[in-house]
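Q: Encoded as structure tokens, here's the structure I'll be asking about.
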Amino acid sequence: MEYMEERSFSELLTELISLAEQVASLAKDSEFEKDVFTEFSILVDKFIPFFNDLRDNITIMDKPSIHKAMESLEKELRHAISLIKSHSLKQPIKQNENITHDLGRSFGLVLLASLEVSTDFREKIGALQKDLMNTRFSGNVTPTSSQGSDFGSDLKVESEIKEERVSDLQVELEIKEERVNVDIDDVVLQLKYGNDEEFTLALLRLKDSIRVEKDDNGWVNDEGVLAVLFNRLSLNQPNNRLNIIQLLTTLASENAEQKEKMADVGFLSALVKSLTRDVDERREVVRLLLDLSDLPAVRRRIGRIQGCIVMLLSILNGDDPVASDSAAKLLNALSSNTQNALHMAEAGYFKPLVQYLKEGSDMTKILMATALSRLELTDQCRASLGEDGAIEPLVKMFNSGKLESKLSALNALQKLSSCTENVQCLISSGIVVSLLQLLFSVTSVLMTLREPASVILARIAKSETILVNQDVAQHMLSLLNLSSPIIKCHLLEALNSIAAHPSATKVRRKMKEKGALQLLLPFLMETNIKIRSNALQLLCTLSGDLTEELMEHLGETHLCNIVKILSSTTSESEKAAAVGILSNLPTSDKKVTDILKQESLLPILISIMNSSTGSTEPATCRFTESAAGVLIRFTDSSDKKLQLLSAEHGVIPLLVKLLSTGPPVAKCRAATSLAQLSQSSLYLRKSKKSRWFCVPPSADAYCEVHDGYCFVDCTFCLVKAGAIPPLIQILEGNEREADEAALRALATLLQDDIWENGSNCIAQMLGVPAIIKVLEVGNENAQRKALWILERIFGVEEHKVQYGESAQGVLIALAQQSDSRLKSTSARLLAQLELLQDQSSYF
């Protein structure tokens with residue numbers, strides 16, 4: 001044996017050729033059944049050219065596995081020599097067949113070991129093996145020495161021969177069974193413990209056995225082959241895993257018992273792991289799972305395997321169309337189980353769930369709706385459910401189902417209603433009327449439905465299309481005092497959304513006509529902050545259309561209440577709503593001003609503004625805009641004492657800061673307040689000759705524009721406050737809301753007594769190009785103000801020379817295209833620039 005292992009492949013081939021020649025020669029000279037042994041010798045003669053071919057391809061064939069298979073063939077040839085030389089052959093024909101078949105099996109091993117050689121060469125091996133395995137010898141079984149026996153002896157011999165044939169047949173069956181068992185044991189051992197190469201050979205042998213014994217492969221079950229294959233599935237290399245899955249597919253398609261065994265949850269789990277592997281393996285395992293899915297147990301169990309449905313959905317949406325198609329079919333098969341449909345929904349695949357909502361039994365619909373209401377859904381998932389058609393069957397359940405159906409449907413609709421894309425579908429379904437009817441209901445069994453109904457209404461109300469229901473706001477108002485605090489909050493939220501829609505003018509008017517303000521004002525005393533905040537916000541929205549009559553509705557008590565809320569609340573939205581109401585009160589109402597001054601609104605407002613300016617939060621921006629509007633009241637140029645009070649509280653630096661950091665509306669209102677303050681500067685300036693100074697002011701206090709001593713706190717001078725640069729920046733920017741107010745503030749520097757000084761200041765601050773820009777891009781009022789300012793500035797020769805040419809293009813355009821007033825002013829400026837004669841028709 002040691003010698004055989006040490007031999008080279010060439011030496012082994014030489015030995016095989018020699019043995020084949022000996023077998024063929026002995027067979028031809030045999031004394032038994034000459035025809036049979038002659039036929040056998042012809043078969044063995046075919047070995048010699050085959051071995052010579054191997055010698056010619058020695059570099060390809062010289063592999064350990066082939067070497068080992070050829071040694072097996074060598075053993076069989078030596079065994080054949082021993083049998084032929086023996087003179088005790090009881091059944092020469094049968095034993096000769098056995099020798100031939102043994103040689104065929106050895107060639108089968110060579111075939112299994114020759115996986116990497118050319119197809120042609122493998123076909124030659126296969127053809128030779130087939131010839132050997134299919135050989136059946138026929139001939140006279142009586143040896144030549146038995147001739148001449150008498151009749152009695154012949155009968156005795158014939159009887160003995162028959163008995164011997166039966167005995168040989170039994171022996172043959174036993175040998176065959178033993179050989180099969182040995183082969184199976186060998187395959188199973190290699191499957192269990194073999195290395196990758198041995199395992200591959202065992203798979204091929206197993207596959208060949210299953211193909212040959214298609215109707216009799218129950219031994220696969222007896223030997224636990226399935227368990228072995230599934231165990232090796234997670235351990236082997238990709239090629240072997242693919243072969244295992246293909247073999248399992250064959251077993252599943254050909255044997256119902258084996259297919260049933262594959263429904264074991266452990267086996268299914270092993271298959272599911274292959275869903276994450278490479279394309280070929282993934283495609284094959286989906287196909288196998290699809291085949292297995294006609295078993296109810298598989299459909300029931302597979303959905304419970306962690307990650308299975310998620311991976312199938314990934315394959316469904318992947319780039320492999322074959323695997324995707326199989327995954328779609330498999331998911332469809334799995335969806336016949338309601339639990340699987342729920343698992344799919346959890347993974348973001350909602351079509352089965354929606355289908356059950358449409359066509360399932362009442363209990364199934366309740367199950368699906370309840371599950372949907374409990375799912376954690378992203379906005380994308382909610383939108384997907386709406387697109388898949390979930391809303392219509394849910395609305396139908398709510399409208400026509402029993403209490404349990406109504407509750408589950410309403411909770412599911414509440415979940416879906418938070419997605420903007422679904423709101424329009426809800427409104428179109430006509431659910432608004434049904435929700436209102438439910439809220440008006442006093443039936444005790446329906447009380448549990450009122451809260452989700454109010455939530456849905458609040459969300460639907462965010463869409464302007466809710467206004468197709470003309471009376472919806474009035475119905476909600478009438479429900480306010482009949483509802484629990486939670487429902488009241490949702491109704492107020494809905495009313496806020498409805499009233500805030502740009503096209504809701506008529507609705508707001510009707511709400512006020514129906515006494516909305518009187519209904520809402522008591523809520524300002526609410527201890528429930530959410531109710532108070534929502535009521536305050538709705539009052540703010542409705543107060544925007546009231547102006548002069550607003551104070552009649554509020555009264556002093558509620559006005560003071562709003563100031564108290566502003567001073568005490570920590571809610572940014574409440575602050576914004578409270579100051580929003582105050583900003584809607586007419587600034588000309590002195591009584592309101594006195595009340596607000598008495599309630600110390602100004603220091604409260606300035607304190608809040610100083611701590612919040614620069615924030616971009618929506619509520620803070622709304623507060624800043626409204627607060628800047630309230631400050632216009634406290635900077636009224638007709639009330640110098642009020643202006644002085646404002647200045648003492650630090651309003652001017654705050655207003656200047658708003659010019660740079662505030663939102664556009666706040667910038668506009670801040671510029672308006674600064675313009676009002678600046679109108680008083682000329683009269684409040686301190687002359688250089690004044691005798692009232694106890695200590696002469698510093699040189700820095702002198703203002704060249706006002707030609708006197710100016711101070712921010714007492715003369716409200718824009719120059720000393722540093723307001724000119726940010727005002728010019730507003731004009732240079734891309735937002736146009738504050739243009740007119742900024743120009744109005746700059747215009748206060750051009751009053752009759754100081755216009756030349758003011759012109760020089762604006763020019764020195766590089767403000768002239770910004771003013772010219774407004775002529776090009778501003779609205780009509782801003783253009784008119786800009787023309788007036790330029791008229792004054794160009795009254796200074798130096799500025800006319802410097803900027804006149806850059807202004808003439810836009811001035812000519814205005815003179816030709818604008819209204820008569822702008823046309824006249826533009827033409828006058830062109831004449832001032834000496835580009836038109838004084839008698840021009842443009843005057």
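Labels used: A, B, ... for chains in the order of the structure tokens, numbers from 1 for residues in each chain, and numbers from 1 for ligands as shown.
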With only C-alpha atoms as the counted atoms, please give the residues lying no more than 6 Å from region 345-349 of chain A, apart from itself and same-chain residues fewer than 2 positions off, as a list in words.
A: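 After dropping sequence-adjacent residues, the list is Val310, Leu342 and His343 of chain A.
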Q: With N, CA and C atoms kept, could you save the residues just selected as a compact mmCIF listing (two decimals), in the first residue's frame?
A:
# COMPACT_ATOMS: atom_id res chain seq x y z
N VAL A 310 -38.34 40.83 5.50
CA VAL A 310 -37.55 42.02 5.14
C VAL A 310 -36.63 41.71 3.96
N LEU A 342 -49.41 40.94 8.38
CA LEU A 342 -49.06 41.93 9.40
C LEU A 342 -47.55 42.12 9.48
N HIS A 343 -46.79 41.02 9.37
CA HIS A 343 -45.33 41.13 9.35
C HIS A 343 -44.86 41.96 8.15
Q: Extract the full set of strand (DSSP E or B) residues from region 697-807 of chain A according to DSSP on the backbone, and format it as an MDAnalysis selection string.
A: chainID A and resid 702:703 708:709
Q: Would you mind listing what lies within 7 Å of Ala742 (chain A) as a VMD selection string, with only C-alpha atoms counted and same-chain residues fewer than 4 positions away left out?
A: chain A and resid 671 727 738 746
Q: Kindly export the residues of the current selection with all heavy atoms, as a PDB file, in the first residue's frame.
A:
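As a result, result.pdb now contains:
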ATOM      1  N   ALA A 671     -38.352 100.333  11.172  1.00  0.00           N
ATOM      2  CA  ALA A 671     -38.019 101.543  10.409  1.00  0.00           C
ATOM      3  C   ALA A 671     -39.105 102.600  10.569  1.00  0.00           C
ATOM      4  O   ALA A 671     -38.810 103.802  10.653  1.00  0.00           O
ATOM      5  CB  ALA A 671     -37.829 101.183   8.938  1.00  0.00           C
ATOM      6  N   LEU A 727     -30.342 100.940   7.535  1.00  0.00           N
ATOM      7  CA  LEU A 727     -31.441 101.394   6.668  1.00  0.00           C
ATOM      8  C   LEU A 727     -31.041 101.297   5.199  1.00  0.00           C
ATOM      9  O   LEU A 727     -31.830 100.866   4.348  1.00  0.00           O
ATOM     10  CB  LEU A 727     -31.833 102.838   7.015  1.00  0.00           C
ATOM     11  CG  LEU A 727     -32.608 103.037   8.329  1.00  0.00           C
ATOM     12  CD1 LEU A 727     -32.702 104.518   8.680  1.00  0.00           C
ATOM     13  CD2 LEU A 727     -34.009 102.436   8.220  1.00  0.00           C
ATOM     14  N   ALA A 738     -39.625  96.273   3.366  1.00  0.00           N
ATOM     15  CA  ALA A 738     -39.299  97.413   4.236  1.00  0.00           C
ATOM     16  C   ALA A 738     -38.779  98.627   3.475  1.00  0.00           C
ATOM     17  O   ALA A 738     -38.367  99.613   4.098  1.00  0.00           O
ATOM     18  CB  ALA A 738     -38.281  96.972   5.282  1.00  0.00           C
ATOM     19  N   LEU A 746     -35.113 107.669   6.277  1.00  0.00           N
ATOM     20  CA  LEU A 746     -34.025 108.480   5.706  1.00  0.00           C
ATOM     21  C   LEU A 746     -34.516 109.878   5.333  1.00  0.00           C
ATOM     22  O   LEU A 746     -33.767 110.872   5.437  1.00  0.00           O
ATOM     23  CB  LEU A 746     -33.444 107.776   4.475  1.00  0.00           C
ATOM     24  CG  LEU A 746     -32.662 106.486   4.727  1.00  0.00           C
ATOM     25  CD1 LEU A 746     -32.279 105.821   3.412  1.00  0.00           C
ATOM     26  CD2 LEU A 746     -31.405 106.769   5.559  1.00  0.00           C
TER      27      LEU A 746
END
Q: Hey, what's within 7 Å of Glu737 (chain A) if we count only C-alpha atoms and toss same-chain stuff fewer than 2 positions away? As a ChimeraX atom specification, please?
A: /A:664-665,668,735,739
Q: Would you save the residues from that selection as an mmCIF file, in the first residue's frame, using all heavy atoms?
A:
data_model
loop_
_atom_site.group_PDB
_atom_site.id
_atom_site.type_symbol
_atom_site.label_atom_id
_atom_site.label_comp_id
_atom_site.auth_asym_id
_atom_site.auth_seq_id
_atom_site.Cartn_x
_atom_site.Cartn_y
_atom_site.Cartn_z
ATOM 1 N N PRO A 664 -38.525 90.354 7.739
ATOM 2 C CA PRO A 664 -38.864 91.511 6.886
ATOM 3 C C PRO A 664 -39.951 92.421 7.452
ATOM 4 O O PRO A 664 -39.814 93.650 7.423
ATOM 5 C CB PRO A 664 -39.306 90.855 5.577
ATOM 6 C CG PRO A 664 -38.569 89.564 5.548
ATOM 7 C CD PRO A 664 -38.482 89.104 6.964
ATOM 8 N N VAL A 665 -41.032 91.828 7.959
ATOM 9 C CA VAL A 665 -42.117 92.654 8.496
ATOM 10 C C VAL A 665 -41.638 93.440 9.707
ATOM 11 O O VAL A 665 -41.979 94.620 9.885
ATOM 12 C CB VAL A 665 -43.339 91.782 8.853
ATOM 13 C CG1 VAL A 665 -44.417 92.607 9.551
ATOM 14 C CG2 VAL A 665 -43.916 91.140 7.595
ATOM 15 N N CYS A 668 -39.597 96.423 8.632
ATOM 16 C CA CYS A 668 -40.479 97.493 8.155
ATOM 17 C C CYS A 668 -41.043 98.293 9.328
ATOM 18 O O CYS A 668 -41.029 99.535 9.334
ATOM 19 C CB CYS A 668 -41.596 96.886 7.312
ATOM 20 S SG CYS A 668 -42.841 98.068 6.766
ATOM 21 N N GLU A 735 -35.039 91.811 -0.237
ATOM 22 C CA GLU A 735 -36.388 91.831 0.324
ATOM 23 C C GLU A 735 -36.944 93.242 0.200
ATOM 24 O O GLU A 735 -36.297 94.212 0.572
ATOM 25 C CB GLU A 735 -36.354 91.400 1.807
ATOM 26 C CG GLU A 735 -35.862 89.972 2.005
ATOM 27 C CD GLU A 735 -35.547 89.684 3.473
ATOM 28 O OE1 GLU A 735 -35.417 90.654 4.254
ATOM 29 O OE2 GLU A 735 -35.443 88.498 3.830
ATOM 30 N N ASP A 739 -38.800 98.590 2.150
ATOM 31 C CA ASP A 739 -38.243 99.704 1.357
ATOM 32 C C ASP A 739 -38.871 101.041 1.734
ATOM 33 O O ASP A 739 -38.181 102.029 2.036
ATOM 34 C CB ASP A 739 -38.457 99.452 -0.136
ATOM 35 C CG ASP A 739 -37.451 98.463 -0.702
ATOM 36 O OD1 ASP A 739 -36.504 98.103 0.016
ATOM 37 O OD2 ASP A 739 -37.629 98.034 -1.860
#
Q: List the neighbours of region 800-804 of chain A out to 9 Å using only C-alpha atoms; skip same-chain residues closer than 4 positions along the sequence, and give me the result as a VMD selection string.
A: chain A and resid 768 to 769 793 to 796 808 830 832 to 833
Q: Just the selected residues (N, CA and C atoms), exported as a PDB file, in the first residue's frame, please.
A:
ATOM      1  N   VAL A 768     -26.837 106.633  -1.922  1.00  0.00           N
ATOM      2  CA  VAL A 768     -27.493 107.069  -3.164  1.00  0.00           C
ATOM      3  C   VAL A 768     -27.706 105.908  -4.143  1.00  0.00           C
ATOM      4  N   PRO A 769     -26.706 105.036  -4.404  1.00  0.00           N
ATOM      5  CA  PRO A 769     -26.954 103.909  -5.320  1.00  0.00           C
ATOM      6  C   PRO A 769     -28.092 103.002  -4.837  1.00  0.00           C
ATOM      7  N   ILE A 793     -31.338 115.282  -2.781  1.00  0.00           N
ATOM      8  CA  ILE A 793     -29.897 114.984  -2.842  1.00  0.00           C
ATOM      9  C   ILE A 793     -29.263 115.624  -4.069  1.00  0.00           C
ATOM     10  N   PHE A 794     -29.969 115.532  -5.212  1.00  0.00           N
ATOM     11  CA  PHE A 794     -29.415 116.128  -6.434  1.00  0.00           C
ATOM     12  C   PHE A 794     -29.477 117.647  -6.414  1.00  0.00           C
ATOM     13  N   GLY A 795     -30.095 118.194  -5.368  1.00  0.00           N
ATOM     14  CA  GLY A 795     -30.042 119.655  -5.179  1.00  0.00           C
ATOM     15  C   GLY A 795     -28.656 120.115  -4.790  1.00  0.00           C
ATOM     16  N   VAL A 796     -27.813 119.182  -4.377  1.00  0.00           N
ATOM     17  CA  VAL A 796     -26.408 119.476  -4.082  1.00  0.00           C
ATOM     18  C   VAL A 796     -25.607 119.147  -5.335  1.00  0.00           C
ATOM     19  N   GLN A 808     -29.981 108.374 -14.637  1.00  0.00           N
ATOM     20  CA  GLN A 808     -30.773 108.881 -15.763  1.00  0.00           C
ATOM     21  C   GLN A 808     -31.525 107.778 -16.516  1.00  0.00           C
ATOM     22  N   LEU A 830     -35.092 114.758 -14.263  1.00  0.00           N
ATOM     23  CA  LEU A 830     -34.294 114.765 -15.504  1.00  0.00           C
ATOM     24  C   LEU A 830     -33.927 116.197 -15.881  1.00  0.00           C
ATOM     25  N   GLN A 832     -33.632 118.590 -13.713  1.00  0.00           N
ATOM     26  CA  GLN A 832     -32.659 118.989 -12.711  1.00  0.00           C
ATOM     27  C   GLN A 832     -31.263 118.517 -13.105  1.00  0.00           C
ATOM     28  N   LEU A 833     -31.241 117.345 -13.764  1.00  0.00           N
ATOM     29  CA  LEU A 833     -29.966 116.801 -14.248  1.00  0.00           C
ATOM     30  C   LEU A 833     -29.573 117.377 -15.597  1.00  0.00           C
TER      31      LEU A 833
END
Q: Using DSSP on the backbone coordinates, identify all residues within region 305-484 of chain A classified as alpha helix (DSSP H); present the result as a PyMOL selection string.
A: chain A and resi 308-316+321-334+338-346+351-359+362-374+379-387+391-400+403-416+420-428+431-440+450-460+472-479
Q: Any idea what the distance is between CA of Leu313 (chain A) and CA of Thr338 (chain A)?
A: 17.0 Å
